[in-house]
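J.: Pasting data06.pdb here (PDB, C-alpha atoms and all ligand atoms):
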ATOM      1  CA  MET Q   9     -18.197   4.544 -11.583
ATOM      2  CA  ASN Q  10     -20.525   4.357  -8.665
ATOM      3  CA  THR Q  11     -18.476   1.550  -7.294
ATOM      4  CA  LEU Q  12     -15.338   3.591  -7.590
ATOM      5  CA  LYS Q  13     -16.972   6.528  -5.857
ATOM      6  CA  SER Q  14     -18.216   4.452  -3.011
ATOM      7  CA  ILE Q  15     -14.801   2.917  -2.527
ATOM      8  CA  MET Q  16     -13.211   6.326  -2.499
ATOM      9  CA  LYS Q  17     -15.772   7.552  -0.022
ATOM     10  CA  TRP Q  18     -15.258   4.506   2.046
ATOM     11  CA  THR Q  19     -11.460   4.721   2.134
ATOM     12  CA  GLY Q  20     -11.806   8.400   2.889
ATOM     13  CA  ALA Q  21     -13.827   7.567   5.960
ATOM     14  CA  ALA Q  22     -11.245   4.961   6.804
ATOM     15  CA  ALA Q  23      -8.467   7.427   6.413
ATOM     16  CA  VAL Q  24      -7.136   7.375   9.932
ATOM     17  CA  CYS Q  25      -6.028   3.897  10.650
ATOM     18  CA  LEU Q  26      -3.933   1.098  11.929
ATOM     19  CA  LEU Q  27      -2.451  -1.374  14.379
ATOM     20  CA  PHE Q  28      -2.075  -5.007  13.872
ATOM     21  CA  PHE Q  29      -5.075  -7.240  13.784
ATOM     22  CA  SER Q  30      -5.883  -9.408  16.699
ATOM     23  CA  SER Q  31      -7.103 -12.811  15.664
ATOM     24  CA  THR Q  32     -10.577 -11.793  16.724
ATOM     25  CA  ALA Q  33     -10.541  -9.136  14.024
ATOM     26  CA  TRP Q  34     -11.337 -11.822  11.498
ATOM     27  CA  SER Q  35     -14.968 -12.723  11.534
ATOM     28  CA  GLN Q  36     -15.860 -16.352  11.960
ATOM     29  CA  SER Q  37     -18.520 -16.462   9.256
ATOM     30  CA  LYS Q  38     -17.567 -16.626   5.613
ATOM     31  CA  LEU Q  39     -16.955 -13.276   3.926
ATOM     32  CA  THR Q  40     -18.761 -12.360   0.705
ATOM     33  CA  ASP Q  41     -16.841 -10.940  -2.258
ATOM     34  CA  PRO Q  42     -18.005  -7.343  -1.583
ATOM     35  CA  GLU Q  43     -16.830  -7.773   2.015
ATOM     36  CA  ILE Q  44     -13.506  -9.193   0.897
ATOM     37  CA  ALA Q  45     -13.031  -6.228  -1.448
ATOM     38  CA  SER Q  46     -13.708  -3.892   1.462
ATOM     39  CA  VAL Q  47     -11.257  -5.718   3.745
ATOM     40  CA  ALA Q  48      -8.566  -5.786   1.054
ATOM     41  CA  VAL Q  49      -8.812  -2.071   0.285
ATOM     42  CA  THR Q  50      -8.895  -1.158   3.987
ATOM     43  CA  ALA Q  51      -5.956  -3.351   4.955
ATOM     44  CA  ASN Q  52      -3.852  -1.788   2.183
ATOM     45  CA  GLN Q  53      -4.970   1.754   2.958
ATOM     46  CA  ILE Q  54      -3.999   1.277   6.594
ATOM     47  CA  ASP Q  55      -0.434   0.416   5.656
ATOM     48  CA  VAL Q  56      -0.274   3.411   3.295
ATOM     49  CA  ASN Q  57      -1.403   5.605   6.193
ATOM     50  CA  TYR Q  58       1.253   4.177   8.544
ATOM     51  CA  GLY Q  59       3.857   4.795   5.844
ATOM     52  CA  LYS Q  60       2.802   8.425   5.552
ATOM     53  CA  ILE Q  61       3.230   8.896   9.297
ATOM     54  CA  ALA Q  62       6.721   7.388   9.084
ATOM     55  CA  VAL Q  63       7.783   9.571   6.159
ATOM     56  CA  LYS Q  64       6.606  12.590   8.123
ATOM     57  CA  LYS Q  65       8.168  11.670  11.470
ATOM     58  CA  SER Q  66      11.252   9.518  10.884
ATOM     59  CA  LYS Q  67      14.766  10.770  10.207
ATOM     60  CA  SER Q  68      16.172   7.306   9.562
ATOM     61  CA  PRO Q  69      16.979   6.754   5.856
ATOM     62  CA  GLU Q  70      16.244   3.021   6.219
ATOM     63  CA  ILE Q  71      12.816   3.651   7.747
ATOM     64  CA  ARG Q  72      11.935   6.340   5.229
ATOM     65  CA  LYS Q  73      12.930   4.182   2.266
ATOM     66  CA  PHE Q  74      10.914   1.243   3.583
ATOM     67  CA  ALA Q  75       7.897   3.480   4.271
ATOM     68  CA  GLU Q  76       8.041   4.984   0.787
ATOM     69  CA  THR Q  77       7.997   1.511  -0.743
ATOM     70  CA  MET Q  78       4.997   0.566   1.418
ATOM     71  CA  ILE Q  79       3.124   3.679   0.266
ATOM     72  CA  LYS Q  80       3.878   2.967  -3.411
ATOM     73  CA  ASP Q  81       3.191  -0.768  -3.404
ATOM     74  CA  HIS Q  82       0.038  -0.715  -1.297
ATOM     75  CA  THR Q  83      -1.326   2.189  -3.354
ATOM     76  CA  ASP Q  84      -0.727   0.102  -6.502
ATOM     77  CA  ILE Q  85      -2.619  -2.819  -4.978
ATOM     78  CA  ILE Q  86      -5.547  -0.582  -4.012
ATOM     79  CA  LYS Q  87      -5.714   0.721  -7.587
ATOM     80  CA  GLN Q  88      -5.886  -2.819  -8.935
ATOM     81  CA  ALA Q  89      -8.448  -3.905  -6.355
ATOM     82  CA  VAL Q  90     -10.625  -0.879  -7.191
ATOM     83  CA  ALA Q  91     -10.253  -1.522 -10.926
ATOM     84  CA  LEU Q  92     -11.253  -5.156 -10.487
ATOM     85  CA  ALA Q  93     -14.209  -4.324  -8.229
ATOM     86  CA  THR Q  94     -15.390  -1.757 -10.770
ATOM     87  CA  LYS Q  95     -15.054  -4.229 -13.619
ATOM     88  CA  LEU Q  96     -16.943  -6.911 -11.710
ATOM     89  CA  HIS Q  97     -19.574  -4.448 -10.455
ATOM     90  CA  VAL Q  98     -18.730  -5.373  -6.894
ATOM     91  CA  THR Q  99     -19.412  -2.621  -4.357
ATOM     92  CA  PRO Q 100     -17.127  -3.063  -1.325
ATOM     93  CA  LYS Q 101     -19.213  -3.652   1.751
ATOM     94  CA  THR Q 102     -18.103  -2.594   5.216
ATOM     95  CA  ASN Q 103     -18.247  -5.453   7.687
ATOM     96  CA  ALA Q 104     -17.085  -6.520  11.145
ATOM     97  CA  THR Q 105     -13.570  -7.267   9.895
ATOM     98  CA  THR Q 106     -13.080  -3.870   8.261
ATOM     99  CA  LYS Q 107     -14.424  -2.189  11.381
ATOM    100  CA  SER Q 108     -12.021  -3.990  13.641
ATOM    101  CA  LEU Q 109      -9.166  -3.228  11.247
ATOM    102  CA  LEU Q 110     -10.020   0.447  11.528
ATOM    103  CA  GLU Q 111     -10.193   0.258  15.302
ATOM    104  CA  GLY Q 112      -6.747  -1.307  15.283
ATOM    105  CA  GLU Q 113      -5.489   1.477  13.061
ATOM    106  CA  LYS Q 114      -6.804   4.088  15.453
ATOM    107  CA  LYS Q 115      -4.913   2.559  18.364
ATOM    108  CA  THR Q 116      -1.708   2.134  16.421
ATOM    109  CA  THR Q 117      -1.865   5.662  15.043
ATOM    110  CA  LYS Q 118      -2.225   6.983  18.557
ATOM    111  CA  LEU Q 119       0.759   4.937  19.677
ATOM    112  CA  LEU Q 120       2.897   6.062  16.728
ATOM    113  CA  ASN Q 121       1.957   9.691  17.217
ATOM    114  CA  SER Q 122       3.003   9.503  20.872
ATOM    115  CA  LYS Q 123       6.596   8.497  20.010
ATOM    116  CA  LYS Q 124       9.598  10.353  18.689
ATOM    117  CA  GLY Q 125      13.036   9.624  17.241
ATOM    118  CA  LYS Q 126      14.388   6.112  17.680
ATOM    119  CA  ALA Q 127      11.415   5.070  19.783
ATOM    120  CA  PHE Q 128       9.148   6.006  16.885
ATOM    121  CA  ASP Q 129      11.291   4.116  14.361
ATOM    122  CA  LYS Q 130      11.178   1.013  16.508
ATOM    123  CA  ALA Q 131       7.427   1.243  17.104
ATOM    124  CA  TYR Q 132       6.789   1.752  13.390
ATOM    125  CA  ILE Q 133       8.927  -1.111  12.142
ATOM    126  CA  ASP Q 134       7.794  -3.502  14.903
ATOM    127  CA  ASN Q 135       4.219  -2.783  13.860
ATOM    128  CA  GLU Q 136       5.051  -3.301  10.181
ATOM    129  CA  VAL Q 137       6.460  -6.749  10.954
ATOM    130  CA  ALA Q 138       3.420  -7.718  13.026
ATOM    131  CA  TYR Q 139       0.947  -6.152  10.608
ATOM    132  CA  HIS Q 140       2.358  -7.897   7.542
ATOM    133  CA  LYS Q 141       2.358 -11.208   9.416
ATOM    134  CA  ALA Q 142      -1.305 -10.724  10.319
ATOM    135  CA  VAL Q 143      -2.268  -9.665   6.796
ATOM    136  CA  ILE Q 144      -0.404 -12.601   5.228
ATOM    137  CA  ASN Q 145      -2.211 -14.954   7.566
ATOM    138  CA  ALA Q 146      -5.586 -13.389   6.792
ATOM    139  CA  VAL Q 147      -5.149 -13.280   3.013
ATOM    140  CA  GLN Q 148      -3.955 -16.861   2.916
ATOM    141  CA  ASN Q 149      -6.399 -18.414   5.355
ATOM    142  CA  VAL Q 150      -9.498 -16.246   5.038
ATOM    143  CA  LEU Q 151      -9.640 -13.972   2.004
ATOM    144  CA  ILE Q 152      -8.367 -16.372  -0.678
ATOM    145  CA  PRO Q 153     -10.404 -19.390   0.482
ATOM    146  CA  ASP Q 154     -13.561 -17.298   0.956
ATOM    147  CA  SER Q 155     -13.506 -15.447  -2.361
ATOM    148  CA  GLN Q 156     -16.007 -16.731  -4.901
ATOM    149  CA  ASN Q 157     -14.982 -14.822  -8.006
ATOM    150  CA  GLN Q 158     -11.940 -16.344  -9.681
ATOM    151  CA  GLU Q 159     -10.450 -12.976 -10.659
ATOM    152  CA  LEU Q 160     -10.679 -11.731  -7.091
ATOM    153  CA  LYS Q 161      -9.094 -14.937  -5.842
ATOM    154  CA  ASP Q 162      -6.345 -14.550  -8.398
ATOM    155  CA  LEU Q 163      -5.551 -10.948  -7.495
ATOM    156  CA  LEU Q 164      -5.298 -11.929  -3.825
ATOM    157  CA  THR Q 165      -3.052 -14.842  -4.767
ATOM    158  CA  LYS Q 166      -0.792 -12.522  -6.755
ATOM    159  CA  VAL Q 167      -0.483 -10.221  -3.741
ATOM    160  CA  MET Q 168       0.956 -12.976  -1.526
ATOM    161  CA  PRO Q 169       4.579 -12.909  -2.824
ATOM    162  CA  LEU Q 170       4.546  -9.125  -2.426
ATOM    163  CA  LEU Q 171       3.381  -9.350   1.193
ATOM    164  CA  ASN Q 172       5.991 -12.003   1.951
ATOM    165  CA  SER Q 173       8.681  -9.820   0.456
ATOM    166  CA  HIS Q 174       7.461  -6.820   2.483
ATOM    167  CA  LEU Q 175       7.655  -8.909   5.649
ATOM    168  CA  GLN Q 176      11.223  -9.886   4.880
ATOM    169  CA  MET Q 177      12.112  -6.254   4.100
ATOM    170  CA  ALA Q 178      10.480  -5.129   7.359
ATOM    171  CA  GLU Q 179      12.475  -7.704   9.322
ATOM    172  CA  ASN Q 180      15.692  -6.656   7.593
ATOM    173  CA  THR Q 181      14.987  -2.991   8.338
ATOM    174  CA  GLN Q 182      14.172  -3.886  11.944
ATOM    175  CA  ALA Q 183      17.598  -5.555  12.227
ATOM    176  CA  GLU Q 184      19.369  -2.638  10.494
ATOM    177  CA  ILE Q 185      18.069   0.044  12.822
ATOM    178  CA  GLN Q 186      18.796  -2.009  15.923
ATOM    179  CA  GLY Q 187      21.927  -0.747  17.634
ATOM    180  CA  LYS Q 188      21.954   2.449  15.615
TER     181      LYS Q 188
ATOM    182  CA  MET S  29     -19.403 -12.907 -16.720
ATOM    183  CA  LYS S  30     -18.352 -16.368 -17.871
ATOM    184  CA  ASN S  31     -16.805 -14.841 -20.926
ATOM    185  CA  LYS S  32     -14.788 -12.427 -18.892
ATOM    186  CA  ILE S  33     -13.516 -15.170 -16.669
ATOM    187  CA  ASN S  34     -12.627 -17.341 -19.659
ATOM    188  CA  LYS S  35     -10.782 -14.477 -21.247
ATOM    189  CA  TRP S  36      -8.923 -13.935 -18.051
ATOM    190  CA  ILE S  37      -8.041 -17.605 -17.687
ATOM    191  CA  ASN S  38      -6.802 -17.618 -21.278
ATOM    192  CA  GLY S  39      -4.670 -14.585 -20.497
ATOM    193  CA  ILE S  40      -3.108 -16.360 -17.554
ATOM    194  CA  ALA S  41      -2.552 -19.511 -19.598
ATOM    195  CA  VAL S  42      -0.828 -17.546 -22.332
ATOM    196  CA  ALA S  43       1.345 -15.720 -19.806
ATOM    197  CA  GLY S  44       2.257 -19.066 -18.269
ATOM    198  CA  ILE S  45       3.199 -20.571 -21.613
ATOM    199  CA  ILE S  46       5.334 -17.561 -22.457
ATOM    200  CA  THR S  47       7.087 -17.827 -19.109
ATOM    201  CA  LEU S  48       7.681 -21.552 -19.615
ATOM    202  CA  ALA S  49       8.930 -21.000 -23.128
ATOM    203  CA  ALA S  50      11.264 -18.287 -21.910
ATOM    204  CA  ALA S  51      12.562 -20.525 -19.154
ATOM    205  CA  SER S  52      13.169 -23.439 -21.515
ATOM    206  CA  CYS S  53      15.047 -21.214 -23.965
ATOM    207  CA  THR S  54      17.627 -20.411 -21.337
ATOM    208  CA  SER S  55      20.448 -22.822 -21.713
ATOM    209  CA  PRO S  56      21.199 -24.470 -18.398
ATOM    210  CA  GLY S  57      24.474 -23.756 -16.718
ATOM    211  CA  GLY S  58      26.164 -21.849 -19.500
ATOM    212  CA  GLN S  59      26.563 -24.508 -22.135
ATOM    213  CA  SER S  60      27.965 -22.918 -25.200
ATOM    214  CA  ASN S  61      26.455 -23.873 -28.496
ATOM    215  CA  ASN S  62      28.226 -24.305 -31.797
ATOM    216  CA  GLN S  63      26.593 -21.436 -33.602
ATOM    217  CA  ALA S  64      28.558 -18.232 -33.990
ATOM    218  CA  ALA S  65      27.588 -15.790 -31.285
ATOM    219  CA  GLN S  66      25.280 -13.223 -32.864
ATOM    220  CA  PRO S  67      24.199 -10.415 -30.607
ATOM    221  CA  GLY S  68      20.597 -11.232 -29.806
ATOM    222  CA  LYS S  69      17.865 -10.447 -27.369
ATOM    223  CA  ASP S  70      17.219 -12.316 -24.162
ATOM    224  CA  THR S  71      14.301 -11.797 -21.847
ATOM    225  CA  VAL S  72      13.917 -11.747 -18.074
ATOM    226  CA  TYR S  73      10.329 -11.711 -16.830
ATOM    227  CA  ILE S  74       9.497 -10.043 -13.525
ATOM    228  CA  ALA S  75       6.570 -11.737 -11.783
ATOM    229  CA  GLY S  76       5.631 -12.776  -8.272
ATOM    230  CA  MET S  77       8.507 -10.697  -6.822
ATOM    231  CA  LYS S  78      11.101 -12.681  -8.784
ATOM    232  CA  PHE S  79      13.369 -12.265 -11.784
ATOM    233  CA  LYS S  80      12.723 -15.254 -14.061
ATOM    234  CA  PRO S  81      15.138 -16.757 -14.789
ATOM    235  CA  ALA S  82      17.144 -15.483 -11.832
ATOM    236  CA  GLU S  83      20.328 -16.527 -13.624
ATOM    237  CA  LEU S  84      20.423 -15.797 -17.348
ATOM    238  CA  TRP S  85      23.265 -16.936 -19.661
ATOM    239  CA  ILE S  86      23.765 -14.767 -22.732
ATOM    240  CA  ASN S  87      26.261 -14.269 -25.529
ATOM    241  CA  GLN S  88      28.536 -11.273 -25.050
ATOM    242  CA  TRP S  89      26.860  -7.972 -26.030
ATOM    243  CA  ASP S  90      23.422  -9.517 -26.206
ATOM    244  CA  THR S  91      20.597  -7.221 -25.175
ATOM    245  CA  VAL S  92      18.647  -8.265 -22.108
ATOM    246  CA  VAL S  93      15.032  -7.101 -21.894
ATOM    247  CA  TRP S  94      13.257  -7.054 -18.540
ATOM    248  CA  ILE S  95       9.462  -7.239 -18.805
ATOM    249  CA  ASN S  96       7.492  -6.386 -15.677
ATOM    250  CA  ASN S  97       4.506  -8.740 -15.482
ATOM    251  CA  ASP S  98       4.076  -8.107 -11.762
ATOM    252  CA  ILE S  99       1.427  -6.053  -9.962
ATOM    253  CA  VAL S 100       3.837  -3.359  -8.679
ATOM    254  CA  ALA S 101       6.761  -1.338 -10.084
ATOM    255  CA  HIS S 102      10.289  -2.756  -9.877
ATOM    256  CA  ASP S 103      13.754  -1.698 -11.017
ATOM    257  CA  VAL S 104      16.949  -3.369 -12.225
ATOM    258  CA  THR S 105      20.058  -2.082 -10.417
ATOM    259  CA  GLU S 106      23.681  -3.253 -10.398
ATOM    260  CA  PHE S 107      24.555  -5.105  -7.186
ATOM    261  CA  PRO S 108      26.040  -4.145  -4.800
ATOM    262  CA  ASP S 109      27.402  -0.736  -5.876
ATOM    263  CA  LYS S 110      24.435   0.568  -7.897
ATOM    264  CA  THR S 111      26.804   1.611 -10.722
ATOM    265  CA  TRP S 112      23.805   1.606 -13.097
ATOM    266  CA  SER S 113      20.059   1.350 -12.669
ATOM    267  CA  SER S 114      16.900   1.356 -14.703
ATOM    268  CA  ASP S 115      14.322   3.776 -13.381
ATOM    269  CA  SER S 116      11.111   2.308 -11.996
ATOM    270  CA  ILE S 117       9.671  -0.191 -14.461
ATOM    271  CA  GLN S 118       5.883   0.022 -14.124
ATOM    272  CA  PRO S 119       3.659  -3.064 -14.468
ATOM    273  CA  GLY S 120       3.381  -3.876 -18.180
ATOM    274  CA  GLN S 121       6.515  -1.867 -19.057
ATOM    275  CA  SER S 122       9.973  -3.100 -20.031
ATOM    276  CA  TRP S 123      13.614  -1.950 -19.972
ATOM    277  CA  GLU S 124      16.728  -3.175 -21.785
ATOM    278  CA  LYS S 125      20.512  -3.067 -21.622
ATOM    279  CA  ASP S 126      23.528  -4.734 -23.356
ATOM    280  CA  PHE S 127      26.140  -6.645 -21.386
ATOM    281  CA  GLY S 128      29.829  -7.197 -22.096
ATOM    282  CA  ASP S 129      30.526  -8.733 -18.698
ATOM    283  CA  SER S 130      28.725 -10.909 -16.207
ATOM    284  CA  VAL S 131      26.947  -8.926 -13.554
ATOM    285  CA  ASP S 132      24.844  -9.297 -10.402
ATOM    286  CA  TYR S 133      21.786  -7.100 -10.031
ATOM    287  CA  PHE S 134      18.858  -6.568  -7.684
ATOM    288  CA  CYS S 135      15.668  -4.524  -7.335
ATOM    289  CA  SER S 136      16.561  -1.482  -5.229
ATOM    290  CA  ILE S 137      12.872  -1.000  -4.346
ATOM    291  CA  HIS S 138      12.578  -4.589  -3.083
ATOM    292  CA  PRO S 139      16.099  -5.660  -2.071
ATOM    293  CA  THR S 140      14.868  -9.228  -1.588
ATOM    294  CA  MET S 141      14.851  -9.621  -5.410
ATOM    295  CA  HIS S 142      18.179 -10.667  -6.950
ATOM    296  CA  GLY S 143      19.379 -11.808 -10.367
ATOM    297  CA  LYS S 144      22.527 -12.536 -12.398
ATOM    298  CA  ILE S 145      23.526 -12.090 -16.031
ATOM    299  CA  MET S 146      26.263 -14.535 -17.071
ATOM    300  CA  ILE S 147      28.275 -14.317 -20.304
ATOM    301  CA  ARG S 148      28.826 -17.606 -22.164
ATOM    302  CA  LYS S 149      32.491 -18.211 -22.853
TER     303      LYS S 149
HETATM  304 CU    CU U   1      11.036  -4.750  -6.927
END
Is it possible to give me this structure as structure tokens?
Ligand SMILES: [Cu+2]
T.:
Amino acid sequence: MNTLKSIMKWTGAAAVCLLFFSSTAWSQSKLTDPEIASVAVTANQIDVNYGKIAVKKSKSPEIRKFAETMIKDHTDIIKQAVALATKLHVTPKTNATTKSLLEGEKKTTKLLNSKKGKAFDKAYIDNEVAYHKAVINAVQNVLIPDSQNQELKDLLTKVMPLLNSHLQMAENTQAEIQGK
Amino acid sequence: MKNKINKWINGIAVAGIITLAAASCTSPGGQSNNQAAQPGKDTVYIAGMKFKPAELWINQWDTVVWINNDIVAHDVTEFPDKTWSSDSIQPGQSWEKDFGDSVDYFCSIHPTMHGKIMIRK
């Protein structure tokens, strides 16, 4: 329960984020499981937050539908990550990677909030493509190899097809709104 | 801790065996068998953002059950006109429907996911 609370508190503090990760966002040293849990929850929460901005600002049905799916799916993943962390008594631990993710979110949020109409739609979907690419790369090359607990590793592995599908959906949406 | 992990590994192994068994029960490429066609139940598993099997051959008026073993909600919707659709099928939940004709379907939440139901002649 404590774990759950601290995650909630932590995501609450994180509640303003996004932008895609630069490669430097990923720390060079190996991440511990509590750090991985923190990164996973943050990365998902950031995409939920971007989706909420899009649902609020966009008038494009394609963008809104995509954003709603991102909110639903990434919220589901957070729930499972929190449930697993609670079960394993792992308390997510903020680290350099989560901090740089949050800095990225701040910048992207600022950018998204400065745009309107079609310019907003384009900025949002371009970011979704880049963000999912960065997250896929990080989960595959950092989070999965670094995780020690087999259940954590397995949850991250199960998330991969979902992220790949989201990337494809983002690219399709990007193509659909072009020329509209 | 070890126990938990073992339990979990067993769970995965069982899920894998069920999936394999389901896949091997599907007759390849619509071979008809000699038995009289009794309406039965056929299963499509949803896992890893895929319908498994993606192409399922059934006898006419068989019931197809979709079981969502994935980590997010999906749906089953006629493709491309959305003439019918399940509602969201949550992880761990299932949905079923009978088929008189072959049909293409997809997940309207994740349009990258496609499947087909084929009627054996
Ligand atoms: Cu789906």
J.: Select, as a VMD selection string, those residues of chain Q with any atom no more than 9 Å from chain S (distances computed using all atoms listed in the file).
T.: chain Q and resid 73 to 74 77 80 to 82 84 to 85 88 96 157 to 159 163 166 to 170 173 to 174 176 to 177
J.: Interatomic distance between atom CA of Ile44 of chain Q and atom CA of Lys60 of chain Q?
T.: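 Those two atoms sit 24.5 Å apart.
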J.: Using all atoms listed in the file, which residues sit within 10 Å of Pro67 of chain S once same-chain residues fewer than 5 positions away are excluded, as a PyMOL selection string?
T.: chain S and resi 86-91+126
J.: Which one is closest to Ala127 of chain Q: Q:Leu109, Q:Ile185, Q:Leu164, Q:Ala93? Count all atoms listed in the file.
T.: Q:Ile185
J.: Figure out the distance between atom CA of Val131 of chain S and atom CA of Ser113 of chain S, please, to one decimal in Å.
T.: 12.4 Å
J.: Could you tell me how far atom CA of Asn103 of chain Q lies from atom CA of Glu43 of chain Q, in Å and to one decimal?
T.: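 About the pair atom CA of Asn103 of chain Q and atom CA of Glu43 of chain Q: they are 6.3 Å apart.
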J.: Taking the file as shown, what set of residues would the PyMOL selection byres (((chain S and resi 72) around 8) and not hetatm) give back, as a ChimeraX atom specification?
T.: /S:70-71,73-74,79-82,84,92-95
J.: Run the PyMOL selection byres (((chain Q and resi 59) around 8) and not hetatm) mentally over the shown coordinates, then write out the matched residues as a PyMOL selection string, using the chain letters and numbers from the document.
T.: chain Q and resi 55-58+60-63+75-76+78-79
J.: When the PyMOL selection byres (((chain Q and resi 124) around 12) and not hetatm) is applied to the file above, which residues end up in the set, as an NGL selection string?
T.: :Q and (61-62 or 64-68 or 119-123 or 125-132)
J.: With distances taken over all atoms listed in the file, which residue among S:Trp85, S:Thr105, S:Lys149, S:His142 lies nearest Glu124 of chain S?
T.: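 Of S:Trp85, S:Thr105, S:Lys149, S:His142, the one nearest Glu124 of chain S, counting all atoms listed in the file, is S:Thr105.
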J.: With all atoms listed in the file as the basis for distance, which of S:Ser136, S:Thr111, S:Gln118, S:Asn97 is at the shortest distance from ligand CU 1 (chain U)?
T.: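 Selected residue with least distance to ligand CU 1 (chain U): S:Ser136.
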